[in-house]
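Structure file coords_15.txt (compact mmCIF, C-alpha atoms and all ligand atoms) is printed below.
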```txt
# COMPACT_ATOMS: atom_id res chain seq x y z
CA MET A 198 0.00 0.00 0.00
CA SER A 199 2.51 2.57 1.14
CA ALA A 200 4.84 1.53 -1.69
CA ILE A 201 2.12 2.28 -4.21
CA ARG A 202 1.31 5.55 -2.58
CA GLY A 203 4.95 6.54 -2.46
CA LYS A 204 5.32 5.77 -6.12
CA TYR A 205 2.28 7.51 -7.54
CA ALA A 206 1.11 10.20 -5.18
CA PRO A 207 3.65 12.89 -6.13
CA VAL A 208 2.79 12.62 -9.84
CA ARG A 209 -0.90 12.72 -9.10
CA ARG A 210 -0.39 15.77 -6.95
CA ALA A 211 1.78 17.47 -9.52
CA LEU A 212 -0.69 16.93 -12.33
CA GLY A 213 -3.69 17.70 -10.19
CA LEU A 214 -5.40 14.49 -11.29
CA GLY A 215 -6.19 13.12 -7.87
CA ALA A 216 -9.75 12.19 -7.07
CA ALA A 217 -10.14 15.25 -4.86
CA GLN A 218 -13.93 15.02 -4.71
CA GLY A 219 -16.33 13.72 -2.12
CA GLY A 220 -14.98 10.19 -2.22
CA THR A 221 -14.24 9.73 1.45
CA HIS A 222 -17.58 11.07 2.54
CA HIS A 223 -19.36 8.84 0.00
CA TRP A 224 -17.46 5.80 1.28
CA TRP A 225 -18.17 6.55 4.94
CA THR A 226 -21.87 7.21 4.59
CA ALA A 227 -22.21 4.04 2.49
CA LYS A 228 -20.60 2.02 5.31
CA LEU A 229 -22.54 3.71 8.12
CA THR A 230 -25.86 3.22 6.38
CA ALA A 231 -24.91 -0.41 5.69
CA ILE A 232 -24.31 -1.01 9.41
CA ALA A 233 -27.62 0.64 10.34
CA LEU A 234 -29.37 -1.48 7.70
CA ILE A 235 -28.30 -4.77 9.28
CA PRO A 236 -30.80 -4.65 12.19
CA LEU A 237 -33.26 -2.36 10.38
CA GLY A 238 -33.29 -4.51 7.25
CA LEU A 239 -33.69 -7.82 9.07
CA TRP A 240 -36.60 -6.36 11.01
CA LEU A 241 -38.15 -4.81 7.91
CA VAL A 242 -37.94 -7.93 5.75
CA ALA A 243 -39.57 -10.03 8.46
CA SER A 244 -42.24 -7.34 8.87
CA VAL A 245 -42.98 -7.18 5.14
CA ILE A 246 -43.50 -10.95 4.99
CA HIS A 247 -45.80 -10.65 8.00
CA LEU A 248 -47.72 -7.71 6.48
CA ALA A 249 -48.11 -9.39 3.10
CA ALA A 250 -50.70 -11.69 4.67
CA LEU A 251 -52.74 -8.83 6.20
CA ASP A 252 -55.45 -6.66 4.69
CA ARG A 253 -55.32 -2.87 4.71
CA ALA A 254 -56.84 -2.46 8.16
CA GLY A 255 -54.25 -4.85 9.59
CA VAL A 256 -51.40 -3.00 7.87
CA LEU A 257 -52.61 0.37 9.20
CA GLU A 258 -52.96 -1.04 12.69
CA TRP A 259 -49.39 -2.32 12.50
CA LEU A 260 -48.15 1.08 11.23
CA ARG A 261 -49.85 2.92 14.08
CA GLN A 262 -47.47 1.39 16.61
CA PRO A 263 -44.93 4.20 17.19
CA ALA A 264 -41.93 1.87 16.97
CA HIS A 265 -43.18 0.44 13.67
CA GLY A 266 -43.87 3.77 11.99
CA ALA A 267 -40.64 5.33 13.21
CA GLY A 268 -38.69 2.18 12.35
CA LEU A 269 -40.05 2.16 8.82
CA ILE A 270 -39.15 5.84 8.37
CA LEU A 271 -35.61 5.14 9.60
CA PHE A 272 -35.37 2.20 7.22
CA LEU A 273 -36.52 4.39 4.31
CA LEU A 274 -33.99 7.14 5.11
CA PHE A 275 -31.01 4.81 5.53
CA GLY A 276 -32.14 2.48 2.75
CA PHE A 277 -32.57 5.20 0.14
CA HIS A 278 -29.31 6.85 1.14
CA HIS A 279 -27.38 3.57 0.88
CA SER A 280 -29.17 2.65 -2.35
CA ALA A 281 -28.33 6.01 -3.96
CA ALA A 282 -24.67 5.66 -2.99
CA GLY A 283 -24.57 2.07 -4.29
CA LEU A 284 -26.22 2.81 -7.62
CA GLN A 285 -23.89 5.78 -8.06
CA THR A 286 -20.90 3.45 -7.70
CA ILE A 287 -22.39 1.08 -10.29
CA MET A 288 -23.01 3.91 -12.77
CA GLU A 289 -19.51 5.26 -12.25
CA ASP A 290 -18.27 1.78 -13.18
CA TYR A 291 -20.40 1.10 -16.23
CA LEU A 292 -21.50 4.35 -17.88
CA PRO A 293 -18.89 5.17 -20.53
CA THR A 294 -18.67 8.97 -20.63
CA HIS A 295 -18.39 11.58 -17.94
CA ALA A 296 -21.58 13.26 -19.18
CA GLN A 297 -23.53 10.01 -18.98
CA LYS A 298 -22.26 9.35 -15.47
CA LEU A 299 -23.31 12.82 -14.36
CA ALA A 300 -26.74 12.54 -15.97
CA GLY A 301 -27.34 9.04 -14.57
CA ILE A 302 -26.28 9.97 -11.06
CA LEU A 303 -28.38 13.15 -11.19
CA VAL A 304 -31.54 11.32 -12.26
CA SER A 305 -30.98 8.50 -9.79
CA THR A 306 -30.32 10.88 -6.90
CA LEU A 307 -33.49 12.84 -7.65
CA LEU A 308 -35.53 9.63 -7.83
CA HIS A 309 -34.10 8.49 -4.51
CA LEU A 310 -34.85 11.82 -2.83
CA ALA A 311 -38.38 11.67 -4.20
CA GLY A 312 -38.74 8.05 -3.05
CA ALA A 313 -37.65 8.96 0.48
CA ALA A 314 -39.97 11.99 0.62
CA PHE A 315 -43.01 10.15 -0.78
CA GLY A 316 -42.29 7.17 1.45
CA VAL A 317 -41.92 9.11 4.70
CA TYR A 318 -45.00 11.17 3.90
CA ALA A 319 -47.04 8.05 3.12
CA VAL A 320 -45.97 6.35 6.37
CA ILE A 321 -47.12 9.35 8.40
CA VAL A 322 -50.43 9.71 6.57
CA ALA A 323 -51.10 5.95 6.71
CA ALA A 324 -50.35 5.86 10.44
CA LEU A 325 -52.83 8.70 11.05
CA ARG A 326 -55.61 7.21 8.92
CA VAL A 327 -58.57 6.06 10.95
CA VAL A 328 -59.43 3.44 8.34
CA MET B 110 -0.08 -19.86 -17.95
CA SER B 111 2.82 -22.15 -17.16
CA GLU B 112 3.57 -23.53 -20.67
CA LYS B 113 6.77 -22.28 -22.27
CA GLN B 114 6.33 -20.05 -25.29
CA ASP B 115 7.76 -21.40 -28.56
CA GLN B 116 10.39 -18.73 -29.20
CA SER B 117 10.74 -19.54 -32.94
CA GLN B 118 7.12 -18.63 -33.70
CA PRO B 119 5.77 -15.10 -33.48
CA ARG B 120 3.69 -14.78 -30.38
CA PRO B 121 -0.04 -15.18 -31.05
CA ARG B 122 -2.05 -12.07 -30.45
CA PRO B 123 -3.73 -12.15 -27.10
CA VAL B 124 -7.45 -12.95 -27.28
CA SER B 125 -9.88 -11.79 -24.70
CA PRO B 126 -11.52 -14.69 -22.96
CA HIS B 127 -14.62 -15.90 -24.74
CA PHE B 128 -17.21 -15.82 -22.02
CA GLN B 129 -18.41 -19.36 -22.71
CA ALA B 130 -14.90 -20.68 -22.30
CA TYR B 131 -13.95 -18.41 -19.47
CA HIS B 132 -14.40 -20.07 -16.12
CA LEU B 133 -15.68 -17.57 -13.59
CA PRO B 134 -14.28 -18.56 -10.22
CA LEU B 135 -16.81 -18.91 -7.39
CA GLN B 136 -15.20 -15.89 -5.80
CA ALA B 137 -16.00 -13.65 -8.79
CA LEU B 138 -19.55 -14.99 -9.11
CA LEU B 139 -20.32 -14.31 -5.45
CA SER B 140 -18.80 -10.88 -5.70
CA PHE B 141 -20.92 -9.97 -8.72
CA GLY B 142 -23.93 -11.31 -6.87
CA HIS B 143 -23.45 -8.59 -4.26
CA ARG B 144 -24.01 -6.03 -6.99
CA VAL B 145 -27.02 -7.84 -8.47
CA SER B 146 -28.67 -8.25 -5.06
CA GLY B 147 -27.98 -4.58 -4.32
CA VAL B 148 -29.88 -3.56 -7.45
CA VAL B 149 -32.77 -5.89 -6.54
CA LEU B 150 -32.95 -4.29 -3.08
CA SER B 151 -32.82 -0.80 -4.61
CA ALA B 152 -35.83 -1.64 -6.77
CA GLY B 153 -37.50 -3.06 -3.66
CA MET B 154 -37.17 0.30 -1.88
CA PHE B 155 -39.44 1.89 -4.49
CA VAL B 156 -41.91 -1.02 -4.31
CA ILE B 157 -42.15 -0.54 -0.53
CA VAL B 158 -42.95 3.15 -1.04
CA GLY B 159 -45.66 2.20 -3.55
CA TYR B 160 -47.11 -0.29 -1.07
CA VAL B 161 -47.31 2.24 1.80
CA TRP B 162 -48.59 4.89 -0.61
CA LEU B 163 -51.48 2.65 -1.64
CA ALA B 164 -52.26 1.89 2.01
CA ALA B 165 -52.35 5.60 2.78
CA PHE B 166 -54.12 7.03 -0.25
CA ALA B 167 -55.79 4.31 -2.33
CA PRO B 168 -57.84 1.99 -0.13
CA GLU B 169 -59.71 0.68 -3.19
CA ASN B 170 -56.48 -0.44 -4.85
CA PHE B 171 -54.88 -1.94 -1.79
CA ALA B 172 -56.70 -5.25 -2.16
CA LEU B 173 -55.14 -5.46 -5.62
CA ILE B 174 -51.55 -5.44 -4.35
CA LYS B 175 -52.47 -7.82 -1.55
CA GLY B 176 -53.98 -10.20 -4.11
CA LEU B 177 -50.88 -9.86 -6.28
CA LEU B 178 -48.65 -10.81 -3.33
CA ALA B 179 -50.67 -13.99 -2.78
CA THR B 180 -50.24 -15.28 -6.36
CA PRO B 181 -47.39 -17.74 -7.04
CA ALA B 182 -45.49 -14.98 -8.86
CA GLY B 183 -46.03 -12.63 -5.93
CA ARG B 184 -44.82 -15.17 -3.42
CA LEU B 185 -41.81 -15.94 -5.58
CA ALA B 186 -40.98 -12.23 -5.76
CA LEU B 187 -41.23 -11.94 -1.99
CA PHE B 188 -39.03 -15.00 -1.59
CA LEU B 189 -36.39 -13.75 -4.06
CA TRP B 190 -36.39 -10.32 -2.43
CA THR B 191 -35.85 -11.91 0.99
CA GLY B 192 -33.10 -14.08 -0.46
CA SER B 193 -31.47 -11.03 -2.06
CA PHE B 194 -31.47 -9.28 1.29
CA CYS B 195 -29.84 -12.23 3.08
CA TYR B 196 -27.32 -12.63 0.27
CA HIS B 197 -26.44 -8.94 0.25
CA LEU B 198 -26.20 -8.98 4.04
CA PHE B 199 -23.67 -11.82 4.09
CA THR B 200 -21.53 -10.56 1.22
CA GLY B 201 -21.84 -7.02 2.61
CA LEU B 202 -20.53 -8.16 5.99
CA ARG B 203 -17.59 -9.79 4.26
CA HIS B 204 -17.00 -6.55 2.36
CA MET B 205 -16.83 -4.67 5.62
CA ILE B 206 -14.32 -7.16 7.03
CA TRP B 207 -12.22 -6.67 3.90
CA ASP B 208 -12.49 -2.90 4.28
CA THR B 209 -10.61 -3.15 7.57
CA GLY B 210 -7.77 -4.83 5.67
CA ALA B 211 -8.40 -8.23 7.25
CA GLY B 212 -9.37 -11.49 5.59
CA LEU B 213 -7.85 -10.88 2.16
CA GLU B 214 -5.99 -14.23 2.04
CA PRO B 215 -7.38 -17.18 0.04
CA PRO B 216 -8.07 -19.36 3.12
CA PHE B 217 -10.37 -16.69 4.54
CA TYR B 218 -12.30 -15.97 1.40
CA ARG B 219 -12.61 -19.63 0.45
CA ALA B 220 -14.04 -20.43 3.86
CA SER B 221 -16.27 -17.36 3.78
CA ASN B 222 -17.62 -18.40 0.35
CA TRP B 223 -19.09 -21.43 2.06
CA VAL B 224 -20.39 -19.46 5.01
CA ILE B 225 -22.28 -17.36 2.46
CA LEU B 226 -23.57 -20.31 0.42
CA LEU B 227 -24.88 -22.03 3.56
CA GLY B 228 -25.87 -18.95 5.54
CA VAL B 229 -28.06 -17.34 2.88
CA PRO B 230 -30.62 -20.20 2.63
CA VAL B 231 -30.68 -20.50 6.42
CA CYS B 232 -31.26 -16.74 6.81
CA THR B 233 -33.96 -16.73 4.12
CA VAL B 234 -35.91 -19.64 5.60
CA ALA B 235 -35.49 -18.26 9.13
CA LEU B 236 -36.97 -14.89 8.13
CA PHE B 237 -39.97 -16.63 6.57
CA VAL B 238 -40.52 -18.86 9.58
CA LEU B 239 -40.03 -16.10 12.18
CA SER B 240 -42.47 -13.79 10.43
CA GLY B 241 -45.25 -16.33 10.25
CA GLY B 242 -44.79 -17.41 6.65
CA PRO B 243 -45.93 -16.04 3.29
CA PRO B 244 -49.53 -15.10 2.49
C1 LIG C 1 -32.33 -2.95 1.83
C2 LIG C 1 -31.41 -2.12 1.73
C3 LIG C 1 -30.20 -2.18 0.84
C4 LIG C 1 -30.09 -1.72 -0.45
C5 LIG C 1 -31.18 -1.07 -1.29
C6 LIG C 1 -28.71 -1.93 -0.85
C7 LIG C 1 -28.19 -1.58 -2.09
C8 LIG C 1 -26.85 -1.60 -2.42
C9 LIG C 1 -26.30 -1.30 -3.71
C10 LIG C 1 -27.09 -0.93 -4.95
C11 LIG C 1 -24.95 -1.40 -3.61
C12 LIG C 1 -23.91 -1.17 -4.73
C13 LIG C 1 -23.35 -2.48 -5.17
C14 LIG C 1 -22.04 -2.39 -5.88
O1 LIG C 1 -21.38 -1.34 -5.86
O2 LIG C 1 -21.62 -3.41 -6.45
C15 LIG C 1 -24.63 -1.74 -2.26
C16 LIG C 1 -23.34 -1.90 -1.76
C17 LIG C 1 -23.06 -2.29 -0.48
N1 LIG C 1 -23.95 -2.76 0.46
FE1 LIG C 1 -25.97 -2.59 0.32
N2 LIG C 1 -28.00 -2.50 0.19
C18 LIG C 1 -28.88 -2.69 1.23
C19 LIG C 1 -28.59 -3.27 2.45
C20 LIG C 1 -27.32 -3.58 2.91
C21 LIG C 1 -27.03 -4.19 4.19
C22 LIG C 1 -28.02 -4.64 5.24
C23 LIG C 1 -25.68 -4.29 4.26
C24 LIG C 1 -24.91 -4.85 5.45
C25 LIG C 1 -24.09 -5.77 5.43
C26 LIG C 1 -25.11 -3.76 3.04
C27 LIG C 1 -23.77 -3.65 2.74
C28 LIG C 1 -23.24 -3.13 1.59
C29 LIG C 1 -21.83 -2.85 1.38
C30 LIG C 1 -20.70 -3.08 2.39
C31 LIG C 1 -21.72 -2.32 0.09
C32 LIG C 1 -20.46 -1.80 -0.59
C33 LIG C 1 -19.73 -2.83 -1.34
C34 LIG C 1 -18.50 -2.23 -1.97
O3 LIG C 1 -17.78 -1.49 -1.28
O4 LIG C 1 -18.30 -2.50 -3.16
N3 LIG C 1 -26.15 -3.33 2.23
N4 LIG C 1 -25.81 -1.87 -1.55
```
As structure tokens - that is how I would like this structure written.
Amino acid sequence: MSAIRGKYAPVRRALGLGAAQGGTHHWWTAKLTAIALIPLGLWLVASVIHLAALDRAGVLEWLRQPAHGAGLILFLLFGFHHSAAGLQTIMEDYLPTHAQKLAGILVSTLLHLAGAAFGVYAVIVAALRVV
Amino acid sequence: MSEKQDQSQPRPRPVSPHFQAYHLPLQALLSFGHRVSGVVLSAGMFVIVGYVWLAAFAPENFALIKGLLATPAGRLALFLWTGSFCYHLFTGLRHMIWDTGAGLEPPFYRASNWVILLGVPVCTVALFVLSGGPP
């Protein structure tokens, strides 16, 4: 590792070609959300299987429990964040041109923000529905 | 590539591996599976939003999605989604071990390949049993 760094870093610095963007932050948030998603995801997957057998009234009753509603919102926030970071990595790998990468990441990020907003809003409204 | 090159002949041009002849090692397959399962889970995030949205705003259409989930295709989708989660969880945990710099030697990743191959079905079935089973 340090041998590689010693060999290449000065050139990269001299030419200004280093990846001096938000790489470290991207990496960290991807890992932190992944750790949060271990318990949240296990709980959510089991809950979804459970809910799949219920009708709407049963689902709303489940959602009304504070821990369930809040847990689902947390899952949506961490899940969409982690998903956006993951899909960004995939597009950076496969989309051929810089412009395509930018466009793809832009569209995907907007869709993820919208998904999180619509999801959180729907959880709150569903939890407050009488029937 | 241990065979000696015949020095009297010009070297053949290198050919990229034809994918039918190219043997993907288990390691590479499992690693690519992490990506595939990640994309499946990403799609699932939007399905979950649609499901809650229907519950909140479209009572008359909610029965539709519930009915869909109870069809063989719906159950299969639920099962594959659960399997994708367990798969991504196991390979993701291994990723995080690798990120610390540990476990990069062949004995570790060979053993962990088998932990994944055995752990994923166990995790998937356990989630179904613990949650009371499919519709
Ligand atoms: C349900 C929510 C989840 C979604 C939507 C999701 C989605 C994704 C996607 C799309 C990627 C990019 C794959 C790639 O670059 O090849 C990814 C990467 C990753 N995921 Fe998840 N994932 C979820 C849950 C989890 C969980 C529970 C873990 C915990 C172990 C996890 C750990 C990881 C790790 C460590 C990476 C990065 C791998 C790398 O550095 O290449 N994910 N995820």
Quick check: residues of chain B within 9 Å of chain A, only C-alpha atoms, returned as a PyMOL selection string.
chain B and resi 144+147-148+150-151+154-155+157-159+161-166+168+171-172+175+178-179+187-188+190-191+194-195+198+201-202+205+236-244
Atom C8 of ligand LIG 1 (chain C) and atom CA of Ile225 of chain B are how many Å apart?
17.1 Å
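Computed from the coordinates, the atom CA of Val145 of chain B to atom C13 of ligand LIG 1 (chain C) distance equals 7.3 Å.
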Could you work out an axis-aligned bounding box for all listed atoms of segment 308-319 of chain A, with 8 Å added on each of the six sides, and give its centre and edge lengths in Å to one decimal, as JSON?
```
{"center_x": -40.6, "center_y": 9.6, "center_z": -1.6, "size_x": 28.9, "size_y": 20.8, "size_z": 28.5}
```
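Atom O4 of ligand LIG 1 (chain C) lies 17.9 Å from atom CA of Ala152 of chain B.
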Among A:His278, A:Arg261, A:Lys298, A:His222, ligand LIG 1 (chain C) is approached most closely, using only C-alpha atoms and all ligand atoms, by A:His278
Residue nearest ligand LIG 1 (chain C) - candidates B:Gly192, B:Gly153, B:Pro216, B:Pro123, atoms counted: all atoms listed in the file:
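Of B:Gly192, B:Gly153, B:Pro216, B:Pro123, the one nearest ligand LIG 1 (chain C), counting all atoms listed in the file, is B:Gly153.
Checking B:Phe217, B:Tyr160, B:Trp223, B:Phe141 one by one against ligand LIG 1 (chain C), counting all atoms listed in the file, you find the shortest gap at B:Phe141.
For the choices B:Asn170, B:Thr200, B:Ser146, B:Thr209, the atom-to-atom distance to Ser221 of chain B is smallest for B:Thr200 when using all atoms listed in the file.
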Which residue, A:Ile302, A:Ala264, A:Ala282, A:Leu292, has the smallest gap to Ala227 of chain A when you use all atoms listed in the file?
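Result for the nearest residue to Ala227 of chain A: A:Ala282.
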